[in-house]
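input.csv follows (CSV, N, CA and C atoms):
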```csv
chain,number,residue,atom,x,y,z
A,1,MET,N,-44.1,77.0,-1.2
A,1,MET,CA,-42.8,77.5,-1.3
A,1,MET,C,-41.8,76.5,-0.8
A,2,LYS,N,-42.1,76.0,0.4
A,2,LYS,CA,-41.2,75.0,1.0
A,2,LYS,C,-41.1,73.8,0.2
A,3,PHE,N,-42.2,73.3,-0.4
A,3,PHE,CA,-42.2,72.2,-1.3
A,3,PHE,C,-41.3,72.4,-2.5
A,4,ALA,N,-41.4,73.6,-3.1
A,4,ALA,CA,-40.6,73.9,-4.3
A,4,ALA,C,-39.1,73.9,-4.0
A,5,PHE,N,-38.8,74.4,-2.8
A,5,PHE,CA,-37.4,74.4,-2.3
A,5,PHE,C,-36.9,73.0,-2.1
A,6,ALA,N,-37.7,72.1,-1.5
A,6,ALA,CA,-37.3,70.7,-1.3
A,6,ALA,C,-37.1,70.0,-2.6
A,7,VAL,N,-37.9,70.3,-3.6
A,7,VAL,CA,-37.8,69.6,-4.9
A,7,VAL,C,-36.5,70.1,-5.5
A,8,LEU,N,-36.2,71.4,-5.5
A,8,LEU,CA,-35.0,71.9,-6.0
A,8,LEU,C,-33.7,71.3,-5.4
A,9,ILE,N,-33.8,71.1,-4.0
A,9,ILE,CA,-32.6,70.5,-3.3
A,9,ILE,C,-32.5,69.0,-3.8
A,10,ALA,N,-33.6,68.3,-3.9
A,10,ALA,CA,-33.6,66.9,-4.4
A,10,ALA,C,-33.0,66.8,-5.8
A,11,ILE,N,-33.3,67.7,-6.6
A,11,ILE,CA,-32.8,67.7,-8.0
A,11,ILE,C,-31.3,68.0,-8.0
A,12,VAL,N,-30.8,68.9,-7.2
A,12,VAL,CA,-29.4,69.3,-7.1
A,12,VAL,C,-28.6,68.1,-6.6
A,13,VAL,N,-29.1,67.5,-5.5
A,13,VAL,CA,-28.4,66.3,-4.9
A,13,VAL,C,-28.4,65.2,-5.9
A,14,SER,N,-29.4,64.9,-6.6
A,14,SER,CA,-29.4,63.8,-7.6
A,14,SER,C,-28.5,64.0,-8.7
A,15,CYS,N,-28.4,65.3,-9.2
A,15,CYS,CA,-27.5,65.6,-10.3
A,15,CYS,C,-26.0,65.4,-9.8
A,16,SER,N,-25.7,65.8,-8.6
A,16,SER,CA,-24.3,65.7,-8.2
A,16,SER,C,-23.9,64.2,-7.9
A,17,VAL,N,-24.9,63.4,-7.4
A,17,VAL,CA,-24.7,62.0,-7.2
A,17,VAL,C,-24.5,61.3,-8.5
A,18,GLY,N,-25.1,61.8,-9.6
A,18,GLY,CA,-25.0,61.2,-10.9
A,18,GLY,C,-23.6,61.2,-11.5
A,19,GLU,N,-22.8,62.1,-11.0
A,19,GLU,CA,-21.4,62.2,-11.5
A,19,GLU,C,-20.5,61.3,-10.8
A,20,ALA,N,-20.9,60.7,-9.7
A,20,ALA,CA,-20.0,59.8,-8.9
A,20,ALA,C,-20.1,58.4,-9.5
A,21,LYS,N,-18.9,57.8,-9.6
A,21,LYS,CA,-18.9,56.4,-10.1
A,21,LYS,C,-17.8,55.7,-9.4
A,22,THR,N,-18.1,54.4,-9.1
A,22,THR,CA,-17.1,53.5,-8.6
A,22,THR,C,-17.0,52.4,-9.7
A,23,PHE,N,-15.8,52.4,-10.4
A,23,PHE,CA,-15.6,51.5,-11.4
A,23,PHE,C,-15.4,50.1,-10.9
A,24,THR,N,-15.7,49.1,-11.7
A,24,THR,CA,-15.3,47.8,-11.4
A,24,THR,C,-13.8,47.7,-12.0
A,25,LYS,N,-13.1,46.6,-11.6
A,25,LYS,CA,-11.8,46.4,-12.1
A,25,LYS,C,-11.8,46.3,-13.6
A,26,CYS,N,-12.7,45.6,-14.1
A,26,CYS,CA,-12.7,45.4,-15.6
A,26,CYS,C,-13.1,46.6,-16.3
A,27,GLU,N,-14.0,47.4,-15.8
A,27,GLU,CA,-14.4,48.7,-16.4
A,27,GLU,C,-13.2,49.6,-16.5
A,28,LEU,N,-12.4,49.6,-15.4
A,28,LEU,CA,-11.2,50.5,-15.4
A,28,LEU,C,-10.2,49.9,-16.4
A,29,ILE,N,-10.0,48.6,-16.4
A,29,ILE,CA,-9.0,48.0,-17.3
A,29,ILE,C,-9.3,48.3,-18.7
A,30,LYS,N,-10.6,48.2,-19.1
A,30,LYS,CA,-11.0,48.5,-20.5
A,30,LYS,C,-10.8,49.9,-20.8
A,31,ALA,N,-11.1,50.8,-19.9
A,31,ALA,CA,-11.0,52.3,-20.2
A,31,ALA,C,-9.5,52.6,-20.4
A,32,LEU,N,-8.6,52.1,-19.5
A,32,LEU,CA,-7.2,52.3,-19.6
A,32,LEU,C,-6.6,51.8,-21.0
A,33,TYR,N,-7.0,50.5,-21.3
A,33,TYR,CA,-6.5,49.9,-22.5
A,33,TYR,C,-7.0,50.7,-23.7
A,34,ASN,N,-8.3,51.1,-23.7
A,34,ASN,CA,-8.8,51.9,-24.9
A,34,ASN,C,-8.2,53.2,-25.0
A,35,ARG,N,-7.5,53.7,-24.0
A,35,ARG,CA,-6.8,55.0,-24.0
A,35,ARG,C,-5.3,54.9,-24.1
A,36,GLY,N,-4.8,53.7,-24.5
A,36,GLY,CA,-3.4,53.5,-24.9
A,36,GLY,C,-2.5,53.0,-23.8
A,37,ILE,N,-3.0,52.5,-22.7
A,37,ILE,CA,-2.2,51.9,-21.7
A,37,ILE,C,-1.8,50.5,-22.1
A,38,SER,N,-0.5,50.2,-22.1
A,38,SER,CA,-0.1,48.8,-22.5
A,38,SER,C,-0.7,47.8,-21.6
A,39,LYS,N,-1.0,46.6,-22.2
A,39,LYS,CA,-1.6,45.5,-21.5
A,39,LYS,C,-0.7,45.0,-20.4
A,40,LYS,N,0.6,45.1,-20.6
A,40,LYS,CA,1.5,44.5,-19.5
A,40,LYS,C,1.5,45.4,-18.3
A,41,LEU,N,1.1,46.7,-18.4
A,41,LEU,CA,1.1,47.6,-17.3
A,41,LEU,C,-0.3,47.7,-16.6
A,42,LEU,N,-1.3,47.1,-17.2
A,42,LEU,CA,-2.7,47.2,-16.7
A,42,LEU,C,-2.8,46.6,-15.2
A,43,PRO,N,-2.2,45.5,-14.9
A,43,PRO,CA,-2.3,45.1,-13.5
A,43,PRO,C,-1.7,46.1,-12.5
A,44,ASP,N,-0.6,46.7,-12.8
A,44,ASP,CA,-0.1,47.8,-12.0
A,44,ASP,C,-1.1,48.9,-11.8
A,45,TRP,N,-1.7,49.4,-12.9
A,45,TRP,CA,-2.7,50.4,-12.8
A,45,TRP,C,-3.9,50.0,-12.0
A,46,ALA,N,-4.3,48.8,-12.2
A,46,ALA,CA,-5.5,48.3,-11.4
A,46,ALA,C,-5.1,48.3,-9.9
A,47,CYS,N,-4.0,47.8,-9.5
A,47,CYS,CA,-3.5,47.8,-8.1
A,47,CYS,C,-3.4,49.2,-7.6
A,48,LEU,N,-2.8,50.1,-8.3
A,48,LEU,CA,-2.7,51.5,-7.9
A,48,LEU,C,-4.0,52.1,-7.6
A,49,VAL,N,-5.0,52.0,-8.5
A,49,VAL,CA,-6.3,52.6,-8.3
A,49,VAL,C,-7.0,51.9,-7.2
A,50,GLN,N,-6.9,50.6,-7.0
A,50,GLN,CA,-7.5,49.9,-5.9
A,50,GLN,C,-7.1,50.5,-4.6
A,51,TRP,N,-5.8,50.8,-4.4
A,51,TRP,CA,-5.3,51.3,-3.1
A,51,TRP,C,-5.4,52.8,-3.0
A,52,GLU,N,-5.3,53.5,-4.1
A,52,GLU,CA,-5.4,55.0,-4.0
A,52,GLU,C,-6.8,55.5,-3.8
A,53,SER,N,-7.8,54.9,-4.5
A,53,SER,CA,-9.2,55.5,-4.5
A,53,SER,C,-10.3,54.4,-4.3
A,54,SER,N,-9.9,53.2,-4.3
A,54,SER,CA,-10.9,52.1,-4.3
A,54,SER,C,-11.8,52.2,-5.5
A,55,TYR,N,-11.3,52.6,-6.6
A,55,TYR,CA,-11.9,52.7,-7.9
A,55,TYR,C,-13.0,53.8,-7.9
A,56,SER,N,-13.0,54.8,-7.0
A,56,SER,CA,-14.0,55.8,-6.9
A,56,SER,C,-13.5,57.1,-7.6
A,57,THR,N,-14.4,57.6,-8.5
A,57,THR,CA,-14.0,58.9,-9.2
A,57,THR,C,-14.1,60.1,-8.3
A,58,THR,N,-14.7,60.0,-7.2
A,58,THR,CA,-14.9,61.2,-6.4
A,58,THR,C,-14.0,61.2,-5.1
A,59,ALA,N,-13.0,60.3,-5.1
A,59,ALA,CA,-12.1,60.2,-4.0
A,59,ALA,C,-11.3,61.5,-3.9
A,60,THR,N,-11.1,62.0,-2.7
A,60,THR,CA,-10.1,63.1,-2.4
A,60,THR,C,-9.4,62.7,-1.1
A,61,HIS,N,-8.2,63.3,-1.0
A,61,HIS,CA,-7.4,63.0,0.2
A,61,HIS,C,-6.6,64.3,0.5
A,62,LYS,N,-6.7,64.8,1.7
A,62,LYS,CA,-6.0,66.0,2.1
A,62,LYS,C,-4.7,65.5,2.7
A,63,ASN,N,-3.6,66.0,2.2
A,63,ASN,CA,-2.2,65.6,2.6
A,63,ASN,C,-1.7,66.5,3.8
A,64,THR,N,-0.7,66.0,4.5
A,64,THR,CA,-0.2,66.8,5.6
A,64,THR,C,0.5,68.1,5.2
A,65,ASP,N,0.9,68.2,3.9
A,65,ASP,CA,1.5,69.4,3.4
A,65,ASP,C,0.5,70.4,3.0
A,66,GLY,N,-0.8,70.1,3.1
A,66,GLY,CA,-1.8,71.0,2.6
A,66,GLY,C,-2.3,70.8,1.2
A,67,SER,N,-1.6,70.0,0.5
A,67,SER,CA,-2.1,69.7,-0.9
A,67,SER,C,-3.2,68.6,-0.8
A,68,THR,N,-3.9,68.4,-1.9
A,68,THR,CA,-5.0,67.5,-2.0
A,68,THR,C,-4.9,66.6,-3.2
A,69,ASP,N,-5.2,65.3,-3.0
A,69,ASP,CA,-5.2,64.4,-4.1
A,69,ASP,C,-6.6,64.2,-4.6
A,70,TYR,N,-6.8,64.1,-6.0
A,70,TYR,CA,-8.2,64.1,-6.6
A,70,TYR,C,-8.4,62.9,-7.5
A,71,GLY,N,-9.6,62.4,-7.4
A,71,GLY,CA,-10.1,61.4,-8.3
A,71,GLY,C,-9.6,60.0,-8.2
A,72,ILE,N,-9.9,59.3,-9.2
A,72,ILE,CA,-9.6,57.8,-9.2
A,72,ILE,C,-8.1,57.5,-9.2
A,73,PHE,N,-7.3,58.4,-9.7
A,73,PHE,CA,-5.8,58.2,-9.6
A,73,PHE,C,-5.2,59.0,-8.5
A,74,GLN,N,-6.0,59.8,-7.8
A,74,GLN,CA,-5.4,60.6,-6.7
A,74,GLN,C,-4.3,61.5,-7.2
A,75,ILE,N,-4.7,62.4,-8.2
A,75,ILE,CA,-3.8,63.3,-8.8
A,75,ILE,C,-3.6,64.5,-7.8
A,76,ASN,N,-2.4,64.9,-7.5
A,76,ASN,CA,-2.1,65.9,-6.5
A,76,ASN,C,-2.1,67.3,-7.1
A,77,ASN,N,-2.7,68.2,-6.4
A,77,ASN,CA,-2.9,69.6,-6.9
A,77,ASN,C,-1.6,70.5,-6.6
A,78,ALA,N,-0.6,69.9,-6.0
A,78,ALA,CA,0.6,70.7,-5.8
A,78,ALA,C,1.3,70.8,-7.2
A,79,TYR,N,1.1,69.9,-8.1
A,79,TYR,CA,1.8,69.9,-9.3
A,79,TYR,C,1.0,69.7,-10.6
A,80,TRP,N,-0.1,68.9,-10.5
A,80,TRP,CA,-0.7,68.4,-11.7
A,80,TRP,C,-2.0,69.0,-12.1
A,81,CYS,N,-2.8,69.5,-11.2
A,81,CYS,CA,-4.1,70.1,-11.6
A,81,CYS,C,-4.3,71.4,-10.9
A,82,ASP,N,-5.2,72.2,-11.4
A,82,ASP,CA,-5.4,73.6,-10.9
A,82,ASP,C,-6.5,73.6,-9.9
A,83,SER,N,-6.1,74.0,-8.7
A,83,SER,CA,-7.1,74.3,-7.6
A,83,SER,C,-6.6,75.6,-6.9
A,84,HIS,N,-5.8,76.4,-7.6
A,84,HIS,CA,-5.3,77.6,-7.0
A,84,HIS,C,-4.3,77.3,-5.9
A,85,TYR,N,-3.7,76.2,-5.9
A,85,TYR,CA,-2.7,75.8,-4.8
A,85,TYR,C,-1.3,75.7,-5.4
A,86,GLY,N,-1.1,75.0,-6.4
A,86,GLY,CA,0.3,74.8,-6.9
A,86,GLY,C,0.3,74.9,-8.5
A,87,SER,N,1.2,74.1,-9.0
A,87,SER,CA,1.3,74.1,-10.5
A,87,SER,C,0.1,73.4,-11.1
A,88,ASN,N,0.1,73.3,-12.4
A,88,ASN,CA,-1.0,72.7,-13.2
A,88,ASN,C,-0.4,72.1,-14.4
A,89,LEU,N,0.5,71.1,-14.3
A,89,LEU,CA,1.2,70.5,-15.4
A,89,LEU,C,0.3,69.8,-16.4
A,90,CYS,N,-0.9,69.3,-15.9
A,90,CYS,CA,-1.8,68.6,-16.8
A,90,CYS,C,-2.8,69.6,-17.4
A,91,ASN,N,-2.7,70.8,-17.0
A,91,ASN,CA,-3.5,71.9,-17.6
A,91,ASN,C,-5.0,71.6,-17.5
A,92,ILE,N,-5.5,71.1,-16.3
A,92,ILE,CA,-6.9,70.9,-16.1
A,92,ILE,C,-7.3,71.3,-14.7
A,93,PRO,N,-8.5,71.7,-14.5
A,93,PRO,CA,-9.0,72.0,-13.1
A,93,PRO,C,-9.1,70.7,-12.3
A,94,CYS,N,-8.7,70.7,-11.1
A,94,CYS,CA,-8.8,69.5,-10.3
A,94,CYS,C,-10.2,69.0,-10.2
A,95,GLN,N,-11.2,69.8,-10.2
A,95,GLN,CA,-12.6,69.3,-10.2
A,95,GLN,C,-13.0,68.4,-11.3
A,96,ASN,N,-12.3,68.6,-12.5
A,96,ASN,CA,-12.5,67.7,-13.6
A,96,ASN,C,-12.1,66.3,-13.3
A,97,LEU,N,-11.3,66.1,-12.3
A,97,LEU,CA,-10.8,64.7,-12.0
A,97,LEU,C,-11.8,64.0,-11.1
A,98,LEU,N,-12.9,64.7,-10.7
A,98,LEU,CA,-13.9,64.1,-9.8
A,98,LEU,C,-15.2,63.7,-10.5
A,99,THR,N,-15.2,63.6,-11.8
A,99,THR,CA,-16.4,63.2,-12.5
A,99,THR,C,-16.3,61.7,-13.0
A,100,ASP,N,-17.4,61.2,-13.5
A,100,ASP,CA,-17.3,59.8,-13.9
A,100,ASP,C,-16.7,59.6,-15.3
A,101,ASP,N,-16.4,60.7,-16.0
A,101,ASP,CA,-15.6,60.6,-17.3
A,101,ASP,C,-14.2,60.7,-16.9
A,102,ILE,N,-13.4,59.6,-17.0
A,102,ILE,CA,-12.0,59.6,-16.6
A,102,ILE,C,-11.0,59.8,-17.7
A,103,SER,N,-11.5,60.3,-18.8
A,103,SER,CA,-10.6,60.6,-20.0
A,103,SER,C,-9.5,61.5,-19.6
A,104,GLU,N,-9.8,62.6,-19.0
A,104,GLU,CA,-8.8,63.6,-18.6
A,104,GLU,C,-7.9,63.0,-17.4
A,105,ASP,N,-8.5,62.2,-16.6
A,105,ASP,CA,-7.8,61.6,-15.5
A,105,ASP,C,-6.7,60.7,-16.0
A,106,ILE,N,-7.1,59.9,-17.0
A,106,ILE,CA,-6.1,59.0,-17.6
A,106,ILE,C,-5.0,59.7,-18.3
A,107,LYS,N,-5.3,60.8,-19.0
A,107,LYS,CA,-4.3,61.6,-19.7
A,107,LYS,C,-3.3,62.2,-18.7
A,108,CYS,N,-3.9,62.7,-17.6
A,108,CYS,CA,-3.0,63.3,-16.6
A,108,CYS,C,-2.2,62.2,-15.9
A,109,ALA,N,-2.8,61.1,-15.5
A,109,ALA,CA,-2.1,60.0,-14.9
A,109,ALA,C,-0.9,59.5,-15.8
A,110,LYS,N,-1.2,59.4,-17.1
A,110,LYS,CA,-0.1,59.0,-18.0
A,110,LYS,C,1.1,60.0,-17.9
A,111,MET,N,0.7,61.3,-17.8
A,111,MET,CA,1.8,62.3,-17.7
A,111,MET,C,2.6,62.2,-16.4
A,112,VAL,N,1.9,62.0,-15.3
A,112,VAL,CA,2.5,61.7,-14.0
A,112,VAL,C,3.5,60.5,-14.2
A,113,TYR,N,2.9,59.4,-14.7
A,113,TYR,CA,3.7,58.2,-14.9
A,113,TYR,C,5.0,58.5,-15.8
A,114,SER,N,4.8,59.3,-16.8
A,114,SER,CA,5.9,59.5,-17.7
A,114,SER,C,7.1,60.3,-17.0
A,115,HIS,N,6.7,61.1,-16.0
A,115,HIS,CA,7.7,61.8,-15.2
A,115,HIS,C,8.3,61.0,-14.1
A,116,HIS,N,7.5,60.2,-13.4
A,116,HIS,CA,7.9,59.5,-12.2
A,116,HIS,C,7.7,58.0,-12.1
A,117,GLY,N,7.1,57.4,-13.1
A,117,GLY,CA,6.7,56.0,-13.0
A,117,GLY,C,5.6,55.8,-11.9
A,118,PHE,N,5.4,54.6,-11.5
A,118,PHE,CA,4.5,54.3,-10.5
A,118,PHE,C,4.9,54.8,-9.1
A,119,ASN,N,6.2,55.1,-9.0
A,119,ASN,CA,6.7,55.6,-7.7
A,119,ASN,C,6.1,56.9,-7.3
A,120,ALA,N,5.3,57.6,-8.2
A,120,ALA,CA,4.6,58.8,-7.8
A,120,ALA,C,3.5,58.6,-6.8
A,121,TRP,N,3.0,57.3,-6.8
A,121,TRP,CA,1.8,57.0,-6.0
A,121,TRP,C,2.2,56.1,-4.8
A,122,TYR,N,2.0,56.6,-3.6
A,122,TYR,CA,2.3,55.8,-2.4
A,122,TYR,C,1.5,54.5,-2.3
A,123,GLY,N,0.3,54.5,-2.8
A,123,GLY,CA,-0.5,53.3,-2.8
A,123,GLY,C,0.1,52.2,-3.6
A,124,TRP,N,0.7,52.6,-4.7
A,124,TRP,CA,1.4,51.6,-5.5
A,124,TRP,C,2.7,51.1,-4.8
A,125,VAL,N,3.5,52.1,-4.3
A,125,VAL,CA,4.8,51.8,-3.7
A,125,VAL,C,4.5,50.9,-2.5
A,126,ASP,N,3.5,51.2,-1.7
A,126,ASP,CA,3.3,50.4,-0.4
A,126,ASP,C,2.6,49.1,-0.6
A,127,HIS,N,1.8,49.0,-1.6
A,127,HIS,CA,0.9,47.8,-1.8
A,127,HIS,C,1.1,47.0,-3.0
A,128,CYS,N,1.8,47.5,-4.0
A,128,CYS,CA,1.8,46.8,-5.3
A,128,CYS,C,3.2,46.5,-5.8
A,129,ARG,N,4.2,47.4,-5.5
A,129,ARG,CA,5.6,47.1,-6.0
A,129,ARG,C,6.1,45.8,-5.4
A,130,GLY,N,6.5,44.9,-6.3
A,130,GLY,CA,7.1,43.7,-5.9
A,130,GLY,C,6.1,42.7,-5.3
A,131,LYS,N,4.8,43.0,-5.4
A,131,LYS,CA,3.8,42.1,-4.8
A,131,LYS,C,2.9,41.5,-5.9
A,132,ALA,N,2.1,40.5,-5.5
A,132,ALA,CA,1.1,39.9,-6.5
A,132,ALA,C,0.2,41.0,-6.9
A,133,LEU,N,0.0,41.1,-8.2
A,133,LEU,CA,-0.9,42.2,-8.8
A,133,LEU,C,-2.2,41.5,-9.2
A,134,PRO,N,-3.3,42.4,-9.3
A,134,PRO,CA,-4.6,41.8,-9.7
A,134,PRO,C,-4.5,41.1,-11.1
A,135,ASP,N,-5.3,40.0,-11.2
A,135,ASP,CA,-5.4,39.2,-12.4
A,135,ASP,C,-6.4,39.9,-13.3
A,136,ILE,N,-6.0,40.3,-14.5
A,136,ILE,CA,-6.9,41.0,-15.4
A,136,ILE,C,-7.4,40.2,-16.6
A,137,ARG,N,-7.0,38.9,-16.6
A,137,ARG,CA,-7.4,38.1,-17.7
A,137,ARG,C,-8.9,38.0,-18.0
A,138,GLU,N,-9.7,38.0,-16.9
A,138,GLU,CA,-11.2,38.0,-17.1
A,138,GLU,C,-11.7,39.3,-17.7
A,139,CYS,N,-10.9,40.3,-17.8
A,139,CYS,CA,-11.4,41.6,-18.4
A,139,CYS,C,-11.3,41.6,-19.9
A,140,PHE,N,-10.7,40.6,-20.5
A,140,PHE,CA,-10.6,40.6,-22.0
A,140,PHE,C,-11.3,39.4,-22.6
```

Could you write out this structure as structure tokens?
Amino acid sequence: MKFAFAVLIAIVVSCSVGEAKTFTKCELIKALYNRGISKKLLPDWACLVQWESSYSTTATHKNTDGSTDYGIFQINNAYWCDSHYGSNLCNIPCQNLLTDDISEDIKCAKMVYSHHGFNAWYGWVDHCRGKALPDIRECF
């Protein structure tokens, strides 16, 4: 019985780890470009993700106001995703932003960008705005 329980726990842990992904810069660049992000903005997006989540799909951050940022783009649950905390303008559960499929993340990040530009992300404001951005030429 103990052995069966241990096997079950191992399976559950391996399944949840399977959904975690840390993108390389070029993997992210290609995913963004293939989903309609203009080539000229790709260095800004790469810089933003580098500073917000270190390219990790499972990144979360609890903010001082009680809200939480989710996923590779650190989408905030006070406005953009549903975790029973605030609005849900992207019409997605926040947990969907923590998987290795970043399609919904990109769609939501594009919506955030359309409302606020890159200024919505402190990582971009503090580390990317007006500074040298990552070189993405090797990604194409």

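When DSSP reads the backbone of this structure, the residues of chain A it assigns to strand (DSSP E) are Thr60, His61, Lys62, Thr68, Asp69, Tyr70, Ile75 and Asn76 of chain A.
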
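Computed from the coordinates, the atom CA of A:Tyr70 to atom C of A:Gln95 distance equals 8.0 Å.
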
Computed interatomic separation between atom CA of A:Cys90 and atom N of A:Ala20 (Å):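 Computed distance, atom CA of A:Cys90 to atom N of A:Ala20, equals 21.9 Å.
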
DSSP alpha helix (DSSP H) residues within chain A, as a VMD selection string: chain A and resid 2 to 18 25 to 34 42 to 53 103 to 116 122 to 127

For A:Ile72, the nearest of the candidates A:Asn91, A:Thr58, A:Asn34, A:Ser114, counting only C-alpha atoms: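 Nearest to A:Ile72: A:Thr58.
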
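Pairwise distance (atom CA of A:Glu104, atom CA of A:Ala78) equals 17.4 Å.
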
A:Tyr79, A:Phe140, A:Phe23, A:Trp45 ranked by distance to A:Ile102, top pick (using only C-alpha atoms):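 Of A:Tyr79, A:Phe140, A:Phe23, A:Trp45, the one nearest A:Ile102 is A:Phe23, counting only C-alpha atoms.
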
Residues within 9 Å of stretch 46-50 of chain A, only C-alpha atoms, excluding chain neighbours under 4 positions, as a list in words: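 Surrounding residues, per the criterion: Lys25, Cys26, Leu28, Ile29, Leu41, Leu42, Ser54, Tyr55, Ser56, Ile72, Phe73, Gln74, Phe118, Trp121, Tyr122, Gly123, Trp124, Val125, His127, Cys128, Leu133, Pro134 and Ile136 of chain A.
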
Test item: residues at most 12 Å from stretch 66-69 of chain A, only C-alpha atoms, excluding those fewer than 2 positions along its chain, as a ChimeraX atom specification: /A:52-53,57-64,71-87,94-95,97-98,120-122
